[in-house]
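Coordinates as given in start32.pdb (PDB, C-alpha atoms):
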ATOM      1  CA  MET C   1      -7.560  28.142  -3.610
ATOM      2  CA  THR C   2      -6.718  30.758  -0.979
ATOM      3  CA  VAL C   3      -7.740  29.945   2.583
ATOM      4  CA  THR C   4      -7.773  32.593   5.311
ATOM      5  CA  THR C   5      -6.130  31.528   8.547
ATOM      6  CA  PRO C   6      -8.464  31.946  11.540
ATOM      7  CA  GLN C   7      -7.472  34.787  13.850
ATOM      8  CA  ILE C   8      -8.848  33.127  16.987
ATOM      9  CA  PRO C   9      -6.542  30.421  18.390
ATOM     10  CA  SER C  10      -7.901  26.916  18.669
ATOM     11  CA  ALA C  11      -9.508  26.148  22.013
ATOM     12  CA  ASN C  12      -8.514  23.180  24.132
ATOM     13  CA  GLY C  13     -10.185  20.044  22.815
ATOM     14  CA  GLU C  14     -10.385  21.405  19.230
ATOM     15  CA  PRO C  15      -8.166  20.434  16.315
ATOM     16  CA  ALA C  16      -5.101  22.640  15.820
ATOM     17  CA  TRP C  17      -6.744  24.730  13.130
ATOM     18  CA  GLU C  18      -3.699  27.006  12.869
ATOM     19  CA  ALA C  19      -1.620  24.038  11.701
ATOM     20  CA  ALA C  20      -4.368  22.644   9.488
ATOM     21  CA  TYR C  21      -4.735  25.909   7.594
ATOM     22  CA  MET C  22      -1.032  25.834   6.739
ATOM     23  CA  LEU C  23      -1.752  22.798   4.532
ATOM     24  CA  PRO C  24      -3.534  22.589   1.161
ATOM     25  CA  VAL C  25      -7.292  22.119   1.302
ATOM     26  CA  GLN C  26      -8.696  18.674   0.471
ATOM     27  CA  GLY C  27      -8.978  18.180  -3.256
ATOM     28  CA  SER C  28      -6.062  20.496  -4.093
ATOM     29  CA  TRP C  29      -3.080  18.512  -2.796
ATOM     30  CA  SER C  30      -0.368  18.195  -5.438
ATOM     31  CA  GLU C  31       2.217  15.453  -5.544
ATOM     32  CA  ALA C  32       4.844  17.986  -4.439
ATOM     33  CA  ASP C  33       2.670  19.002  -1.461
ATOM     34  CA  PHE C  34       2.271  15.378  -0.459
ATOM     35  CA  LEU C  35       5.973  14.539  -0.653
ATOM     36  CA  LYS C  36       6.814  17.548   1.535
ATOM     37  CA  PHE C  37       4.301  16.484   4.160
ATOM     38  CA  HIS C  38       5.998  14.965   7.194
ATOM     39  CA  THR C  39       3.991  13.170   9.849
ATOM     40  CA  ASN C  40       4.292  10.322  12.299
ATOM     41  CA  ARG C  41       1.226   8.806  10.654
ATOM     42  CA  MET C  42       1.368   7.017   7.328
ATOM     43  CA  ALA C  43      -0.553   8.805   4.598
ATOM     44  CA  GLU C  44      -1.542   8.402   0.975
ATOM     45  CA  LEU C  45      -2.558  10.865  -1.722
ATOM     46  CA  VAL C  46      -5.755   9.854  -3.517
ATOM     47  CA  ASP C  47      -7.217  12.039  -6.256
ATOM     48  CA  GLY C  48      -5.829  15.163  -4.599
ATOM     49  CA  ARG C  49      -7.047  14.200  -1.125
ATOM     50  CA  LEU C  50      -4.906  13.281   1.855
ATOM     51  CA  GLU C  51      -5.819   9.954   3.478
ATOM     52  CA  ILE C  52      -4.341   9.221   6.906
ATOM     53  CA  LEU C  53      -3.736   5.498   7.390
ATOM     54  CA  PRO C  54      -4.022   3.502  10.622
ATOM     55  CA  MET C  55      -0.733   2.786  12.340
ATOM     56  CA  PRO C  56       0.351  -0.864  11.887
ATOM     57  CA  THR C  57       0.015  -3.246  14.820
ATOM     58  CA  LEU C  58       2.579  -5.733  16.081
ATOM     59  CA  LYS C  59       0.713  -8.589  14.321
ATOM     60  CA  HIS C  60       0.599  -6.575  11.106
ATOM     61  CA  GLN C  61       4.360  -6.091  11.202
ATOM     62  CA  ARG C  62       5.062  -9.746  11.988
ATOM     63  CA  ILE C  63       3.000 -10.814   8.978
ATOM     64  CA  LEU C  64       4.742  -8.226   6.830
ATOM     65  CA  ILE C  65       8.251  -9.348   7.787
ATOM     66  CA  TRP C  66       7.312 -13.031   7.307
ATOM     67  CA  LEU C  67       6.074 -12.385   3.770
ATOM     68  CA  LEU C  68       8.955 -10.037   2.958
ATOM     69  CA  ASP C  69      11.441 -12.755   3.913
ATOM     70  CA  ALA C  70       9.517 -15.368   1.884
ATOM     71  CA  ILE C  71       9.654 -13.270  -1.283
ATOM     72  CA  ARG C  72      13.292 -12.316  -0.803
ATOM     73  CA  LYS C  73      14.240 -15.988  -0.544
ATOM     74  CA  ILE C  74      12.829 -16.792  -3.973
ATOM     75  CA  VAL C  75      14.305 -13.754  -5.757
ATOM     76  CA  PHE C  76      17.770 -13.964  -4.191
ATOM     77  CA  ASP C  77      19.232 -14.869  -7.594
ATOM     78  CA  GLN C  78      17.681 -11.755  -9.188
ATOM     79  CA  PRO C  79      20.064  -9.017  -7.999
ATOM     80  CA  THR C  80      18.115  -6.271  -9.732
ATOM     81  CA  ALA C  81      14.715  -7.346  -8.385
ATOM     82  CA  THR C  82      13.238  -4.963  -5.827
ATOM     83  CA  VAL C  83      11.406  -6.184  -2.725
ATOM     84  CA  LEU C  84      10.557  -3.461  -0.227
ATOM     85  CA  MET C  85       8.094  -2.594   2.510
ATOM     86  CA  ALA C  86       6.244   0.541   3.549
ATOM     87  CA  PRO C  87       6.716   3.379   4.058
ATOM     88  CA  LEU C  88       7.642   4.103   0.460
ATOM     89  CA  PRO C  89       5.432   6.422  -1.631
ATOM     90  CA  THR C  90       4.540   4.903  -4.990
ATOM     91  CA  ARG C  91       3.107   7.146  -7.699
ATOM     92  CA  LEU C  92       0.392   5.113  -9.409
ATOM     93  CA  PHE C  93      -0.864   7.841 -11.752
ATOM     94  CA  PRO C  94      -1.208  11.638 -11.571
ATOM     95  CA  GLY C  95      -2.765  12.747  -8.278
ATOM     96  CA  THR C  96      -2.570   9.331  -6.585
ATOM     97  CA  ILE C  97       0.303   8.103  -4.422
ATOM     98  CA  ARG C  98      -0.184   4.860  -2.502
ATOM     99  CA  GLU C  99       2.059   3.018  -0.029
ATOM    100  CA  PRO C 100       1.613  -0.743  -0.363
ATOM    101  CA  ASP C 101       2.632  -2.680   2.725
ATOM    102  CA  LEU C 102       4.933  -4.722   0.490
ATOM    103  CA  LEU C 103       5.972  -4.343  -3.129
ATOM    104  CA  TYR C 104       7.936  -6.278  -5.724
ATOM    105  CA  ILE C 105       9.422  -4.860  -8.914
ATOM    106  CA  ALA C 106      10.691  -7.335 -11.507
ATOM    107  CA  PRO C 107      14.285  -6.959 -12.735
ATOM    108  CA  GLU C 108      13.212  -5.705 -16.148
ATOM    109  CA  ASN C 109      11.272  -2.866 -14.489
ATOM    110  CA  ALA C 110      13.882  -1.925 -11.877
ATOM    111  CA  PRO C 111      13.992   1.832 -11.246
ATOM    112  CA  GLY C 112      17.205   3.689 -12.016
ATOM    113  CA  PRO C 113      19.718   4.681  -9.323
ATOM    114  CA  ASP C 114      18.489   8.288  -9.239
ATOM    115  CA  VAL C 115      14.809   7.415  -8.724
ATOM    116  CA  ASP C 116      13.540   8.356  -5.254
ATOM    117  CA  TYR C 117      10.062   6.847  -5.504
ATOM    118  CA  PRO C 118       8.900   4.021  -7.773
ATOM    119  CA  SER C 119       6.158   4.570 -10.316
ATOM    120  CA  HIS C 120       5.761   0.998 -11.566
ATOM    121  CA  LEU C 121       5.137  -2.123  -9.482
ATOM    122  CA  ASP C 122       4.645  -5.726 -10.498
ATOM    123  CA  LEU C 123       3.222  -6.977  -7.187
ATOM    124  CA  ALA C 124       1.503  -5.105  -4.365
ATOM    125  CA  VAL C 125       0.536  -6.612  -1.012
ATOM    126  CA  GLU C 126      -1.762  -5.067   1.585
ATOM    127  CA  ILE C 127      -2.360  -6.377   5.102
ATOM    128  CA  VAL C 128      -5.874  -5.364   6.139
ATOM    129  CA  SER C 129      -6.106  -3.282   9.307
ATOM    130  CA  PRO C 130      -9.168  -3.466  11.572
ATOM    131  CA  GLY C 131     -12.137  -1.232  10.775
ATOM    132  CA  LYS C 132     -14.558  -0.790   7.897
ATOM    133  CA  ASP C 133     -12.608   2.107   6.369
ATOM    134  CA  ALA C 134      -9.446   0.017   6.159
ATOM    135  CA  ARG C 135     -11.361  -2.926   4.646
ATOM    136  CA  LYS C 136     -12.957  -0.727   1.997
ATOM    137  CA  ARG C 137      -9.614   0.861   1.184
ATOM    138  CA  ASP C 138      -7.838  -2.461   0.657
ATOM    139  CA  TYR C 139     -10.641  -4.530  -0.896
ATOM    140  CA  GLU C 140     -12.242  -1.853  -3.069
ATOM    141  CA  ASP C 141     -10.303   1.396  -3.481
ATOM    142  CA  LYS C 142      -6.826  -0.068  -3.841
ATOM    143  CA  ARG C 143      -8.111  -2.887  -6.000
ATOM    144  CA  THR C 144      -9.342  -0.242  -8.445
ATOM    145  CA  ASP C 145      -6.222   1.931  -8.196
ATOM    146  CA  TYR C 146      -3.712  -0.911  -8.510
ATOM    147  CA  ALA C 147      -5.536  -2.310 -11.537
ATOM    148  CA  ARG C 148      -5.619   1.131 -13.152
ATOM    149  CA  ALA C 149      -1.862   1.427 -12.520
ATOM    150  CA  GLY C 150      -1.268  -1.882 -14.305
ATOM    151  CA  ILE C 151       0.103  -3.799 -11.315
ATOM    152  CA  SER C 152       0.167  -7.434 -12.447
ATOM    153  CA  GLU C 153      -0.749  -9.013  -9.126
ATOM    154  CA  TYR C 154      -2.361  -7.834  -5.892
ATOM    155  CA  TRP C 155      -2.407  -9.874  -2.671
ATOM    156  CA  ILE C 156      -4.762  -8.976   0.187
ATOM    157  CA  VAL C 157      -3.793 -10.527   3.513
ATOM    158  CA  ASP C 158      -6.719 -10.384   5.941
ATOM    159  CA  PRO C 159      -5.817 -11.294   9.554
ATOM    160  CA  GLN C 160      -9.379 -10.626  10.752
ATOM    161  CA  GLU C 161     -10.939 -13.168   8.379
ATOM    162  CA  ASN C 162      -7.876 -15.446   8.145
ATOM    163  CA  LEU C 163      -7.793 -15.144   4.361
ATOM    164  CA  VAL C 164      -5.292 -14.416   1.631
ATOM    165  CA  THR C 165      -6.863 -13.214  -1.621
ATOM    166  CA  VAL C 166      -4.713 -13.273  -4.757
ATOM    167  CA  LEU C 167      -5.833 -11.111  -7.677
ATOM    168  CA  VAL C 168      -4.274 -11.153 -11.153
ATOM    169  CA  LEU C 169      -4.658  -8.475 -13.800
ATOM    170  CA  GLN C 170      -6.654  -9.475 -16.857
ATOM    171  CA  ASP C 171      -7.649  -6.949 -19.513
ATOM    172  CA  GLY C 172      -7.157  -4.051 -17.124
ATOM    173  CA  VAL C 173      -9.183  -5.448 -14.194
ATOM    174  CA  TYR C 174      -8.407  -7.904 -11.435
ATOM    175  CA  ALA C 175      -9.671 -11.450 -11.589
ATOM    176  CA  GLU C 176      -9.700 -13.651  -8.509
ATOM    177  CA  HIS C 177      -6.926 -16.204  -8.838
ATOM    178  CA  GLY C 178      -7.695 -17.714  -5.447
ATOM    179  CA  VAL C 179      -8.970 -17.151  -1.916
ATOM    180  CA  PHE C 180      -6.782 -19.118   0.464
ATOM    181  CA  ARG C 181      -7.652 -20.069   4.042
ATOM    182  CA  MET C 182      -5.859 -21.497   7.056
ATOM    183  CA  GLY C 183      -4.276 -24.794   6.014
ATOM    184  CA  ASP C 184      -4.047 -23.744   2.343
ATOM    185  CA  ILE C 185      -0.954 -22.841   0.349
ATOM    186  CA  ALA C 186      -1.422 -19.445  -1.308
ATOM    187  CA  SER C 187       0.190 -18.856  -4.692
ATOM    188  CA  GLY C 188      -0.055 -16.577  -7.692
ATOM    189  CA  LEU C 189       1.135 -16.406 -11.292
ATOM    190  CA  LEU C 190       3.797 -13.708 -11.172
ATOM    191  CA  LEU C 191       6.192 -15.587  -8.876
ATOM    192  CA  PRO C 192       5.348 -19.296  -9.298
ATOM    193  CA  GLU C 193       7.936 -20.287  -6.693
ATOM    194  CA  LEU C 194       6.172 -18.217  -4.042
ATOM    195  CA  ARG C 195       4.029 -20.694  -2.126
ATOM    196  CA  VAL C 196       2.764 -19.305   1.166
ATOM    197  CA  ASP C 197       1.533 -21.431   4.051
ATOM    198  CA  VAL C 198      -1.435 -19.319   5.129
ATOM    199  CA  SER C 199      -1.473 -20.752   8.663
ATOM    200  CA  ALA C 200       2.218 -19.983   9.157
ATOM    201  CA  LEU C 201       1.803 -16.504   7.691
ATOM    202  CA  LEU C 202      -1.189 -15.500   9.794
ATOM    203  CA  ASN C 203       0.327 -16.988  12.941
ATOM    204  CA  ALA C 204       3.632 -15.176  12.435
TER     205      ALA C 204
END
Mind turning this structure into structure tokens?
Amino acid sequence: MTVTTPQIPSANGEPAWEAAYMLPVQGSWSEADFLKFHTNRMAELVDGRLEILPMPTLKHQRILIWLLDAIRKIVFDQPTATVLMAPLPTRLFPGTIREPDLLYIAPENAPGPDVDYPSHLDLAVEIVSPGKDARKRDYEDKRTDYARAGISEYWIVDPQENLVTVLVLQDGVYAEHGVFRMGDIASGLLLPELRVDVSALLNA
């Protein structure tokens, strides 16, 4: 789709339309367009649309590092296992690139040395940011997308509600393995040794 750049410069207080019109219109973003897009905001590509994500808070990052360290400790003897944190674009299926807060790829699915961005995950973790849009994205949209992509397990860490929800893939959809609260020990099926003290995690 061809878009004509406005001839009148943006006025003070308006978006920078000149810059916006240099980008693809919503609904026509390709994967190549997305990967060339550089911004100081995290973004995801969803069905050809660009979604700008909220910047992580200090608490968000503390929780992320705590859980990253916990997973690394139990896979230390798996040298080809991959445990990484965002930002790292992950191509789920054509037209959709997500950036899980934390991801794990089992040794048998390890990407090759020349792969820039993974396209298969075994575990995805999202830490819910404040706001209804963020909650819908993590609890609904990503639940659907990660299941469609065949990700075996999806953990949702919710600092606002003090919950950790563990979902496991069954027949192409996620089933609730457990909803864990403060004082509980969260666990899943993919990494049986991973037992997370919810209170310690959310108070990181």
Grab the CA of Leu123 in chain C to CA of Pro159 in chain C distance for me, in Å with one decimal place.
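It comes out at 19.5 Å.
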Run the PyMOL selection byres ((chain C and resi 66-70) around 12) on the file and write out the hits as a ChimeraX atom specification.
/C:59-65,71-76,82-86,101-104,124-127,155-157,164,186-187,191,193-204
Considering only C-alpha atoms, return as a ChimeraX atom specification whatever protein or nucleic-acid residues lie within 9 Å of Ile52 in chain C, sequence-local ones (same chain, fewer than 4 positions apart) excluded.
/C:41-45
Given the file shown, enumerate the residues that the PyMOL selection byres ((chain C and resi 169) around 8) captures and present them as a list in words.
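On the file shown, the PyMOL selection byres ((chain C and resi 169) around 8) covers Ala147, Gly150, Ile151, Ser152, Glu153, Leu167, Val168, Gln170, Asp171, Gly172, Val173, Tyr174 and Ala175 of chain C.
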Pick out the closest residue to Ser28 in chain C from this set: C:Leu50, C:Ile185, C:Val128, C:Ala110. Count all atoms listed in the file.
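With all atoms listed in the file as the atom set, the closest residue is C:Leu50.
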Calculate, to one decimal in Å, the centre and edge lengths of the box along x, y and z of the file that holds all listed atoms of range 160-171 of chain C with 6 Å of margin on each side, and present them as lines of an AutoDock Vina configuration file.
center_x = -7.6
center_y = -11.2
center_z = -4.4
size_x = 18.7
size_y = 20.5
size_z = 42.3
Using all atoms listed in the file, which residue out of C:Leu92, C:Ala134, C:Ala81, C:Met22 lies closest to Glu108 in chain C?
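The answer is C:Ala81, which sits nearest to Glu108 in chain C.
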Evaluate the PyMOL selection byres ((chain C and resi 99) around 6) and record the selected residues as a list in words, following the chain and residue labels used in the document.
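That expression, the PyMOL selection byres ((chain C and resi 99) around 6), corresponds here to Leu88, Pro89, Thr90, Arg98 and Pro100 of chain C.
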Would you mind exporting C-alpha atoms of the selected residues as a CSV table (one decimal), keeping the file's coordinate frame?
chain,number,residue,atom,x,y,z
C,88,LEU,CA,7.6,4.1,0.5
C,89,PRO,CA,5.4,6.4,-1.6
C,90,THR,CA,4.5,4.9,-5.0
C,98,ARG,CA,-0.2,4.9,-2.5
C,100,PRO,CA,1.6,-0.7,-0.4
Expressed in Å to a single decimal, how great is the separation between CA of Gly188 in chain C and CA of Asp141 in chain C?
21.1 Å
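Atom pair CA of Val25 in chain C / CA of Phe93 in chain C: separated by 20.4 Å.
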